[in-house]
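Q: Hey, dropping start-v6.cif in here, mmCIF, C-alpha atoms:
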```cif
data_coords
#
loop_
_atom_site.group_PDB
_atom_site.id
_atom_site.type_symbol
_atom_site.label_atom_id
_atom_site.label_comp_id
_atom_site.auth_asym_id
_atom_site.auth_seq_id
_atom_site.Cartn_x
_atom_site.Cartn_y
_atom_site.Cartn_z
ATOM 1 C CA ALA I 1 -36.409 -1.339 -52.680
ATOM 2 C CA ARG I 2 -37.026 2.417 -52.901
ATOM 3 C CA ALA I 3 -33.398 3.108 -52.012
ATOM 4 C CA ALA I 4 -32.204 0.639 -54.656
ATOM 5 C CA LYS I 5 -34.361 2.410 -57.233
ATOM 6 C CA HIS I 6 -32.995 5.788 -56.099
ATOM 7 C CA HIS I 7 -29.408 4.627 -56.610
ATOM 8 C CA GLY I 8 -30.073 2.448 -59.664
ATOM 9 C CA THR I 9 -28.637 -0.630 -58.004
ATOM 10 C CA LEU I 10 -29.684 -4.266 -57.797
ATOM 11 C CA TYR I 11 -32.289 -5.191 -55.189
ATOM 12 C CA GLY I 12 -32.434 -8.687 -53.708
ATOM 13 C CA LEU I 13 -35.595 -10.170 -52.174
ATOM 14 C CA SER I 14 -35.438 -13.189 -49.878
ATOM 15 C CA SER I 15 -37.977 -15.963 -50.321
ATOM 16 C CA LEU I 16 -38.541 -15.594 -46.554
ATOM 17 C CA ALA I 17 -39.143 -11.851 -46.780
ATOM 18 C CA THR I 18 -42.076 -10.194 -45.020
ATOM 19 C CA THR I 19 -42.781 -8.029 -48.093
ATOM 20 C CA GLY I 20 -44.296 -9.757 -51.109
ATOM 21 C CA ILE I 21 -43.061 -10.093 -54.673
ATOM 22 C CA THR I 22 -45.904 -8.043 -56.152
ATOM 23 C CA GLU I 23 -45.386 -5.182 -53.697
ATOM 24 C CA ILE I 24 -41.659 -5.020 -54.414
ATOM 25 C CA GLY I 25 -42.363 -5.030 -58.151
ATOM 26 C CA GLN I 26 -44.550 -1.965 -57.687
ATOM 27 C CA LEU I 27 -41.887 -0.155 -55.652
ATOM 28 C CA THR I 28 -39.044 -0.444 -58.143
ATOM 29 C CA ASP I 29 -38.727 -1.148 -61.846
ATOM 30 C CA GLY I 30 -34.954 -1.501 -61.540
ATOM 31 C CA PRO I 31 -32.981 -4.766 -61.625
ATOM 32 C CA LYS I 32 -34.178 -7.313 -59.077
ATOM 33 C CA VAL I 33 -32.908 -10.731 -57.994
ATOM 34 C CA PHE I 34 -35.077 -13.266 -56.175
ATOM 35 C CA GLN I 35 -33.262 -15.354 -53.557
ATOM 36 C CA LEU I 36 -34.378 -18.962 -53.159
ATOM 37 C CA TYR I 37 -33.539 -21.637 -50.598
ATOM 38 C CA VAL I 38 -33.255 -25.321 -51.424
ATOM 39 C CA TRP I 39 -36.831 -26.461 -50.776
ATOM 40 C CA LYS I 40 -37.978 -30.085 -50.829
ATOM 41 C CA ASP I 41 -41.400 -29.317 -52.328
ATOM 42 C CA ARG I 42 -40.867 -28.749 -56.050
ATOM 43 C CA GLU I 43 -44.409 -27.484 -56.508
ATOM 44 C CA LEU I 44 -43.665 -24.767 -53.956
ATOM 45 C CA VAL I 45 -40.468 -23.920 -55.835
ATOM 46 C CA LYS I 46 -42.304 -23.656 -59.156
ATOM 47 C CA GLU I 47 -44.995 -21.503 -57.563
ATOM 48 C CA VAL I 48 -42.583 -18.927 -56.092
ATOM 49 C CA LEU I 49 -40.483 -18.838 -59.270
ATOM 50 C CA SER I 50 -43.616 -18.157 -61.308
ATOM 51 C CA LYS I 51 -44.526 -15.319 -58.950
ATOM 52 C CA ALA I 52 -41.006 -13.888 -59.263
ATOM 53 C CA LYS I 53 -41.205 -13.877 -63.067
ATOM 54 C CA GLU I 54 -44.604 -12.220 -62.992
ATOM 55 C CA GLY I 55 -43.243 -9.654 -60.518
ATOM 56 C CA GLY I 56 -40.535 -8.551 -62.943
ATOM 57 C CA PHE I 57 -37.544 -10.184 -61.283
ATOM 58 C CA ASP I 58 -34.606 -10.440 -63.673
ATOM 59 C CA ALA I 59 -32.542 -13.119 -61.960
ATOM 60 C CA MET I 60 -32.624 -15.855 -59.348
ATOM 61 C CA ALA I 61 -30.039 -16.549 -56.621
ATOM 62 C CA LEU I 62 -29.983 -20.038 -55.140
ATOM 63 C CA THR I 63 -28.622 -20.114 -51.586
ATOM 64 C CA VAL I 64 -26.727 -23.385 -51.142
ATOM 65 C CA ASP I 65 -25.061 -22.866 -47.757
ATOM 66 C CA PHE I 66 -28.247 -23.191 -45.709
ATOM 67 C CA THR I 67 -29.010 -26.891 -46.039
ATOM 68 C CA TRP I 68 -28.175 -27.335 -42.356
ATOM 69 C CA TYR I 69 -28.347 -25.082 -39.321
ATOM 70 C CA GLY I 70 -25.427 -23.079 -38.011
ATOM 71 C CA ASN I 71 -24.743 -22.564 -34.341
ATOM 72 C CA ARG I 72 -26.026 -18.997 -33.934
ATOM 73 C CA GLU I 73 -24.447 -18.318 -30.548
ATOM 74 C CA ARG I 74 -25.757 -14.759 -30.400
ATOM 75 C CA ASP I 75 -29.312 -16.042 -30.891
ATOM 76 C CA ILE I 76 -28.802 -18.581 -28.118
ATOM 77 C CA ARG I 77 -27.401 -15.918 -25.808
ATOM 78 C CA ASN I 78 -30.344 -13.615 -26.525
ATOM 79 C CA ASP I 79 -32.965 -16.396 -26.289
ATOM 80 C CA PHE I 80 -34.017 -15.666 -29.858
ATOM 81 C CA SER I 81 -36.237 -18.325 -31.357
ATOM 82 C CA ILE I 82 -39.168 -18.830 -33.754
ATOM 83 C CA PRO I 83 -41.760 -18.959 -32.376
ATOM 84 C CA PRO I 84 -40.465 -16.512 -29.759
ATOM 85 C CA LYS I 85 -39.979 -17.442 -26.120
ATOM 86 C CA TYR I 86 -40.835 -14.491 -23.902
ATOM 87 C CA SER I 87 -38.308 -14.735 -21.104
ATOM 88 C CA VAL I 88 -38.039 -12.408 -18.133
ATOM 89 C CA ARG I 89 -35.001 -10.824 -19.743
ATOM 90 C CA GLN I 90 -36.879 -10.119 -22.963
ATOM 91 C CA MET I 91 -39.802 -8.614 -21.067
ATOM 92 C CA ILE I 92 -37.420 -6.310 -19.197
ATOM 93 C CA GLU I 93 -35.822 -5.252 -22.499
ATOM 94 C CA ALA I 94 -39.289 -4.599 -23.951
ATOM 95 C CA ILE I 95 -40.126 -2.320 -21.022
ATOM 96 C CA ARG I 96 -36.852 -0.452 -21.489
ATOM 97 C CA LYS I 97 -37.668 0.173 -25.179
ATOM 98 C CA PRO I 98 -41.305 1.312 -25.171
ATOM 99 C CA ALA I 99 -41.255 2.777 -28.697
ATOM 100 C CA TRP I 100 -40.120 -0.510 -30.228
ATOM 101 C CA THR I 101 -42.604 -2.472 -28.119
ATOM 102 C CA TYR I 102 -45.494 -0.203 -29.122
ATOM 103 C CA ASP I 103 -44.550 -0.513 -32.799
ATOM 104 C CA PHE I 104 -44.395 -4.303 -32.498
ATOM 105 C CA LEU I 105 -47.730 -4.629 -30.705
ATOM 106 C CA SER I 106 -49.618 -2.111 -32.835
ATOM 107 C CA HIS I 107 -48.899 -3.747 -36.196
ATOM 108 C CA GLU I 108 -50.200 -6.909 -37.794
ATOM 109 C CA PRO I 109 -48.068 -10.035 -37.236
ATOM 110 C CA TYR I 110 -45.320 -10.520 -39.798
ATOM 111 C CA ASN I 111 -45.733 -13.265 -42.361
ATOM 112 C CA TYR I 112 -43.575 -14.860 -45.018
ATOM 113 C CA ALA I 113 -45.192 -12.886 -47.813
ATOM 114 C CA CYS I 114 -43.537 -14.790 -50.661
ATOM 115 C CA ILE I 115 -44.819 -18.162 -49.421
ATOM 116 C CA ASN I 116 -48.075 -17.769 -47.484
ATOM 117 C CA THR I 117 -49.542 -14.411 -46.516
ATOM 118 C CA GLU I 118 -52.244 -15.993 -44.363
ATOM 119 C CA VAL I 119 -49.974 -17.538 -41.751
ATOM 120 C CA PRO I 120 -47.851 -15.537 -39.261
ATOM 121 C CA ALA I 121 -44.093 -16.029 -39.656
ATOM 122 C CA ASP I 122 -43.691 -17.622 -36.227
ATOM 123 C CA SER I 123 -46.426 -20.202 -37.000
ATOM 124 C CA LEU I 124 -44.994 -20.980 -40.438
ATOM 125 C CA ALA I 125 -41.453 -21.511 -39.092
ATOM 126 C CA ALA I 126 -41.935 -25.251 -38.502
ATOM 127 C CA PHE I 127 -43.117 -25.667 -42.087
ATOM 128 C CA VAL I 128 -40.108 -23.743 -43.404
ATOM 129 C CA ASN I 129 -37.744 -25.849 -41.297
ATOM 130 C CA SER I 130 -39.290 -29.014 -42.695
ATOM 131 C CA GLN I 131 -38.796 -27.782 -46.270
ATOM 132 C CA ILE I 132 -35.003 -27.294 -46.158
ATOM 133 C CA ALA I 133 -33.441 -30.062 -48.270
ATOM 134 C CA PRO I 134 -29.947 -31.157 -47.118
ATOM 135 C CA GLU I 135 -29.891 -33.797 -49.874
ATOM 136 C CA PHE I 136 -30.057 -31.132 -52.608
ATOM 137 C CA ASN I 137 -27.474 -31.876 -55.336
ATOM 138 C CA TRP I 138 -26.273 -30.685 -58.745
ATOM 139 C CA ARG I 139 -29.001 -32.606 -60.596
ATOM 140 C CA ASP I 140 -31.599 -30.743 -58.557
ATOM 141 C CA ALA I 141 -29.823 -27.528 -59.484
ATOM 142 C CA GLU I 142 -30.087 -28.413 -63.186
ATOM 143 C CA TRP I 143 -33.834 -28.951 -62.769
ATOM 144 C CA LEU I 144 -34.163 -25.599 -60.997
ATOM 145 C CA LEU I 145 -32.299 -23.756 -63.751
ATOM 146 C CA GLY I 146 -34.579 -25.357 -66.315
ATOM 147 C CA GLU I 147 -37.656 -24.159 -64.438
ATOM 148 C CA TRP I 148 -36.341 -20.602 -64.113
ATOM 149 C CA GLY I 149 -34.826 -20.069 -67.564
ATOM 150 C CA LEU I 150 -33.309 -16.659 -66.746
ATOM 151 C CA PRO I 151 -29.916 -15.531 -65.382
ATOM 152 C CA SER I 152 -29.089 -17.374 -62.177
ATOM 153 C CA ALA I 153 -26.553 -17.056 -59.375
ATOM 154 C CA VAL I 154 -25.383 -19.686 -56.927
ATOM 155 C CA LYS I 155 -24.965 -18.036 -53.525
ATOM 156 C CA GLY I 156 -22.611 -19.587 -51.003
ATOM 157 C CA VAL I 157 -19.562 -20.346 -53.152
ATOM 158 C CA CYS I 158 -16.295 -20.552 -51.200
ATOM 159 C CA ARG I 159 -14.328 -23.127 -53.208
ATOM 160 C CA PRO I 160 -12.904 -22.912 -56.739
ATOM 161 C CA ASP I 161 -13.983 -26.455 -57.654
ATOM 162 C CA ASP I 162 -17.576 -25.670 -56.680
ATOM 163 C CA ALA I 163 -17.438 -22.511 -58.784
ATOM 164 C CA ILE I 164 -16.255 -24.476 -61.826
ATOM 165 C CA LYS I 165 -18.994 -27.066 -61.315
ATOM 166 C CA ALA I 166 -21.606 -24.302 -60.969
ATOM 167 C CA VAL I 167 -20.550 -22.741 -64.277
ATOM 168 C CA GLU I 168 -20.678 -26.141 -65.967
ATOM 169 C CA THR I 169 -24.158 -26.704 -64.510
ATOM 170 C CA GLY I 170 -25.415 -23.474 -66.039
ATOM 171 C CA PHE I 171 -25.189 -20.763 -63.395
ATOM 172 C CA SER I 172 -24.230 -17.399 -64.875
ATOM 173 C CA THR I 173 -23.078 -15.753 -61.624
ATOM 174 C CA MET I 174 -20.953 -16.897 -58.700
ATOM 175 C CA TRP I 175 -22.004 -15.296 -55.415
ATOM 176 C CA VAL I 176 -19.035 -15.676 -53.068
ATOM 177 C CA SER I 177 -20.547 -15.835 -49.587
ATOM 178 C CA ASN I 178 -20.163 -17.671 -46.290
ATOM 179 C CA HIS I 179 -23.601 -16.635 -45.014
ATOM 180 C CA GLY I 180 -22.128 -13.908 -42.862
ATOM 181 C CA ALA I 181 -19.897 -16.535 -41.198
ATOM 182 C CA ARG I 182 -22.985 -17.684 -39.269
ATOM 183 C CA GLN I 183 -23.152 -21.179 -40.727
ATOM 184 C CA LEU I 184 -19.932 -23.209 -40.807
ATOM 185 C CA GLU I 185 -17.708 -22.381 -37.847
ATOM 186 C CA THR I 186 -14.204 -21.169 -38.897
ATOM 187 C CA SER I 187 -15.234 -20.826 -42.532
ATOM 188 C CA PRO I 188 -12.725 -18.673 -44.453
ATOM 189 C CA ALA I 189 -13.363 -15.014 -45.108
ATOM 190 C CA THR I 190 -14.837 -14.401 -48.543
ATOM 191 C CA ILE I 191 -12.193 -11.779 -49.371
ATOM 192 C CA ASP I 192 -9.551 -14.493 -48.854
ATOM 193 C CA VAL I 193 -11.115 -17.024 -51.234
ATOM 194 C CA LEU I 194 -12.242 -14.490 -53.855
ATOM 195 C CA PRO I 195 -8.994 -14.424 -55.938
ATOM 196 C CA SER I 196 -8.910 -18.217 -56.283
ATOM 197 C CA ILE I 197 -12.506 -18.295 -57.482
ATOM 198 C CA ARG I 198 -11.859 -15.566 -60.056
ATOM 199 C CA GLU I 199 -8.855 -17.525 -61.290
ATOM 200 C CA ALA I 200 -10.929 -20.706 -61.515
ATOM 201 C CA VAL I 201 -13.848 -19.295 -63.536
ATOM 202 C CA GLY I 202 -11.897 -16.845 -65.686
ATOM 203 C CA PRO I 203 -12.539 -13.191 -66.487
ATOM 204 C CA ASP I 204 -15.962 -13.476 -68.123
ATOM 205 C CA VAL I 205 -18.088 -15.007 -65.328
ATOM 206 C CA GLU I 206 -19.865 -12.498 -63.099
ATOM 207 C CA ILE I 207 -18.839 -12.619 -59.429
ATOM 208 C CA ILE I 208 -20.653 -11.007 -56.506
ATOM 209 C CA MET I 209 -19.024 -11.028 -53.070
ATOM 210 C CA ASP I 210 -20.569 -10.374 -49.677
ATOM 211 C CA GLY I 211 -19.426 -10.756 -46.090
ATOM 212 C CA GLY I 212 -18.079 -7.886 -43.998
ATOM 213 C CA VAL I 213 -18.642 -5.161 -46.601
ATOM 214 C CA GLN I 214 -19.238 -2.089 -44.432
ATOM 215 C CA ARG I 215 -16.992 0.600 -45.906
ATOM 216 C CA GLY I 216 -16.219 1.940 -49.347
ATOM 217 C CA THR I 217 -12.675 0.623 -48.962
ATOM 218 C CA ASP I 218 -14.131 -2.870 -48.523
ATOM 219 C CA ILE I 219 -15.847 -2.494 -51.903
ATOM 220 C CA ALA I 220 -12.581 -1.308 -53.468
ATOM 221 C CA LYS I 221 -10.741 -4.366 -52.129
ATOM 222 C CA ALA I 222 -13.375 -6.729 -53.459
ATOM 223 C CA LEU I 223 -13.312 -5.157 -56.923
ATOM 224 C CA ALA I 224 -9.515 -5.204 -56.920
ATOM 225 C CA LEU I 225 -9.405 -8.908 -56.090
ATOM 226 C CA GLY I 226 -11.875 -10.112 -58.689
ATOM 227 C CA ALA I 227 -15.463 -9.192 -57.790
ATOM 228 C CA ASP I 228 -17.747 -7.377 -60.209
ATOM 229 C CA SER I 229 -20.008 -6.162 -57.415
ATOM 230 C CA VAL I 230 -20.697 -6.670 -53.713
ATOM 231 C CA GLY I 231 -23.682 -7.425 -51.533
ATOM 232 C CA VAL I 232 -24.240 -5.395 -48.383
ATOM 233 C CA GLY I 233 -26.304 -6.247 -45.329
ATOM 234 C CA LYS I 234 -25.431 -4.332 -42.183
ATOM 235 C CA PRO I 235 -24.977 -0.905 -43.813
ATOM 236 C CA TYR I 236 -28.490 -0.883 -45.232
ATOM 237 C CA LEU I 237 -29.965 -2.341 -42.030
ATOM 238 C CA TYR I 238 -28.291 0.350 -39.942
ATOM 239 C CA GLY I 239 -29.630 2.996 -42.296
ATOM 240 C CA LEU I 240 -33.112 1.459 -42.275
ATOM 241 C CA ALA I 241 -33.221 1.318 -38.486
ATOM 242 C CA ALA I 242 -32.011 4.888 -38.145
ATOM 243 C CA GLY I 243 -34.055 6.600 -40.845
ATOM 244 C CA GLY I 244 -36.218 4.293 -42.947
ATOM 245 C CA THR I 245 -35.930 4.729 -46.707
ATOM 246 C CA GLU I 246 -33.949 7.956 -46.375
ATOM 247 C CA GLY I 247 -31.578 6.209 -43.989
ATOM 248 C CA VAL I 248 -30.856 3.478 -46.540
ATOM 249 C CA ILE I 249 -30.310 6.081 -49.249
ATOM 250 C CA LYS I 250 -27.876 7.871 -46.908
ATOM 251 C CA ALA I 251 -26.019 4.628 -46.184
ATOM 252 C CA TYR I 252 -25.531 4.065 -49.924
ATOM 253 C CA ASP I 253 -24.425 7.678 -50.326
ATOM 254 C CA ILE I 254 -21.737 7.127 -47.694
ATOM 255 C CA LEU I 255 -20.509 3.938 -49.366
ATOM 256 C CA LYS I 256 -20.360 5.658 -52.754
ATOM 257 C CA VAL I 257 -18.399 8.636 -51.414
ATOM 258 C CA GLU I 258 -15.978 6.332 -49.611
ATOM 259 C CA LEU I 259 -15.485 4.193 -52.732
ATOM 260 C CA ASP I 260 -14.897 7.257 -54.915
ATOM 261 C CA ARG I 261 -12.373 8.564 -52.401
ATOM 262 C CA ALA I 262 -10.539 5.237 -52.182
ATOM 263 C CA MET I 263 -10.341 4.929 -55.966
ATOM 264 C CA GLY I 264 -9.140 8.500 -56.294
ATOM 265 C CA LEU I 265 -6.389 8.011 -53.731
ATOM 266 C CA LEU I 266 -5.359 4.767 -55.429
ATOM 267 C CA GLY I 267 -5.118 6.561 -58.761
ATOM 268 C CA THR I 268 -7.759 4.426 -60.440
ATOM 269 C CA GLY I 269 -10.213 6.537 -62.416
ATOM 270 C CA THR I 270 -12.641 3.763 -63.350
ATOM 271 C CA VAL I 271 -13.824 0.450 -61.983
ATOM 272 C CA ASP I 272 -12.212 -1.299 -64.962
ATOM 273 C CA ASP I 273 -8.915 0.342 -64.092
ATOM 274 C CA LEU I 274 -9.257 -0.723 -60.456
ATOM 275 C CA LYS I 275 -9.975 -4.315 -61.487
ATOM 276 C CA LYS I 276 -7.083 -4.358 -63.966
ATOM 277 C CA ARG I 277 -4.515 -2.963 -61.530
ATOM 278 C CA GLY I 278 -6.146 -4.347 -58.413
ATOM 279 C CA PRO I 279 -3.877 -7.239 -57.392
ATOM 280 C CA GLY I 280 -0.847 -4.943 -57.408
ATOM 281 C CA LEU I 281 -2.629 -2.437 -55.169
ATOM 282 C CA ILE I 282 -3.486 -4.901 -52.406
ATOM 283 C CA LYS I 283 -1.106 -5.556 -49.544
ATOM 284 C CA ARG I 284 -1.710 -8.472 -47.225
ATOM 285 C CA ARG I 285 -0.638 -7.984 -43.662
ATOM 286 C CA GLY I 286 1.361 -10.603 -41.853
ATOM 287 C CA ALA I 287 -0.550 -13.307 -40.061
ATOM 288 C CA SER I 288 -1.436 -12.919 -36.412
ATOM 289 C CA ALA I 289 -3.030 -15.167 -33.808
ATOM 290 C CA ARG I 290 -6.437 -13.594 -34.373
ATOM 291 C CA ASP I 291 -6.492 -14.962 -37.930
ATOM 292 C CA TYR I 292 -6.292 -18.581 -36.865
ATOM 293 C CA PRO I 293 -9.005 -20.192 -34.748
ATOM 294 C CA ASP I 294 -6.821 -23.222 -33.964
ATOM 295 C CA ARG I 295 -3.227 -24.342 -34.324
ATOM 296 C CA TYR I 296 -3.832 -26.263 -37.577
ATOM 297 C CA ALA I 297 -5.793 -23.545 -39.381
ATOM 298 C CA TYR I 298 -2.812 -22.295 -41.381
ATOM 299 C CA GLU I 299 -2.168 -25.792 -42.747
ATOM 300 C CA ARG I 300 -5.781 -25.863 -43.981
ATOM 301 C CA GLY I 301 -5.237 -22.598 -45.852
ATOM 302 C CA TYR I 302 -7.283 -20.479 -43.451
ATOM 303 C CA GLY I 303 -6.243 -17.009 -42.335
ATOM 304 C CA GLY I 304 -4.242 -13.996 -43.403
ATOM 305 C CA GLY I 305 -6.498 -10.962 -43.689
ATOM 306 C CA VAL I 306 -6.370 -8.108 -46.171
ATOM 307 C CA ILE I 307 -5.641 -4.546 -45.117
#
```
What would you get if you wrote out this structure as structure tokens?

A:
Amino acid sequence: ARAAKHHGTLYGLSSLATTGITEIGQLTDGPKVFQLYVWKDRELVKEVLSKAKEGGFDAMALTVDFTWYGNRERDIRNDFSIPPKYSVRQMIEAIRKPAWTYDFLSHEPYNYACINTEVPADSLAAFVNSQIAPEFNWRDAEWLLGEWGLPSAVKGVCRPDDAIKAVETGFSTMWVSNHGARQLETSPATIDVLPSIREAVGPDVEIIMDGGVQRGTDIAKALALGADSVGVGKPYLYGLAAGGTEGVIKAYDILKVELDRAMGLLGTGTVDDLKKRGPGLIKRRGASARDYPDRYAYERGYGGGVI
């Protein structure tokens, strides 16, 4: 949040964050979006939305691609679970990383600060799992928009028809995302579906894109193909792990320098110019086997990366 304030950029807070709405509101007075999952308990939804409004959040982002659980193979391989299972392997890793272990043991247990600050996150996990609503539909979305009453994004859009329906329902922003490709196996890359979604909703609907944005050139590609902005995950996490707040600020500095350089070398002096000329500046490489997870993927429209 401090880094977002430093750079004057949008900050997004998850409803499962371990830092509360009030605390974030005190850290930054810049633009803030509150991310919400599709909960079953409407009273819980109304409660967290009320807190977000009171905390100065300007917009809400509804995540719609987490109504079921993806096969997180890395988590399985690393025995990651909530509540945690302390395997022999994990204990060995803890011994090998004494600084991390000391930090973990010397601090209070994490909790889902936006939901219940009294219950540790690992104890509240079963409750959270029980609250995910796979039956959530467009009528529920209409109710949610009525409760919020401020600008709203739908996060998890990968299809043009869903984008059109979301605009008709009342969402002001399309957030093109495949949840980091950790949900639906073989889901298409967001950069590949972005142009079709821009074409579907027209030039006036705001589009955010995330998924694989780790360099300034990635931002340039997204802007060129129809996005108004991007969401980043790994770059800020790397910066946070390496240097705390200053590390996140440095990560954003790097992205900004790389974006400025890419735009300069492309001959685009402004973001508007990049967006206007963008499609003609993008070259798609020929398909290769790595683009297609199975022999029928091309027929389904999957594959063909952007360079």

Q: Mind checking which residues fall within 10 Å of range 137-147 of chain I, counting all atoms listed in the file, ignoring those fewer than 6 positions away in the same chain, and posting them as a count of residues only?

A: 16

Q: Evaluate the PyMOL selection byres ((chain I and resi 238) around 12) against this structure - the residues, as a ChimeraX atom specification, please.

A: /I:214,232-237,239-252

Q: Using only C-alpha atoms, which residue out of I:Ala222, I:Cys158, I:Ile254, I:Val213 lies closest to Leu281 in chain I?

A: I:Ala222

Q: Quick one: which residues end up in the PyMOL selection byres ((chain I and resi 135) around 9) for this structure, as an mmCIF file with C-alpha atoms, keeping the file's coordinate frame?

A:
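File result-v4.cif, as written:
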```cif
data_model
loop_
_atom_site.group_PDB
_atom_site.id
_atom_site.type_symbol
_atom_site.label_atom_id
_atom_site.label_comp_id
_atom_site.auth_asym_id
_atom_site.auth_seq_id
_atom_site.Cartn_x
_atom_site.Cartn_y
_atom_site.Cartn_z
ATOM 1 C CA LYS I 40 -37.978 -30.085 -50.829
ATOM 2 C CA THR I 67 -29.010 -26.891 -46.039
ATOM 3 C CA ALA I 133 -33.441 -30.062 -48.270
ATOM 4 C CA PRO I 134 -29.947 -31.157 -47.118
ATOM 5 C CA PHE I 136 -30.057 -31.132 -52.608
ATOM 6 C CA ASN I 137 -27.474 -31.876 -55.336
#
```

Q: Closest to Tyr112 in chain I among I:Leu184, I:Leu13, I:Ala200, I:Ile219, using all atoms listed in the file?

A: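 So, comparing all the options, the nearest one is I:Leu13.
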
Q: With distances taken over all atoms listed in the file, which of I:Glu43, I:Gly267, I:Gln183, I:Ser172 is nearest to Trp68 in chain I?

A: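 Among I:Glu43, I:Gly267, I:Gln183, I:Ser172, it is I:Gln183 that comes nearest to Trp68 in chain I.
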
Q: From the options I:Ser152, I:Thr217, I:Thr186, I:Thr173, which residue's atoms come nearest to Gly202 in chain I, counting only C-alpha atoms?

A: I:Thr173

Q: Using CA of Lys51 in chain I and CA of Ser130 in chain I as the two end points, give the distance in Å to one decimal.

A: 21.9 Å

Q: Please report the interatomic distance between CA of Asn111 in chain I and CA of Ala17 in chain I in Å with one decimal.

A: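 Atom-to-atom, CA of Asn111 in chain I and CA of Ala17 in chain I are spaced 8.1 Å apart.
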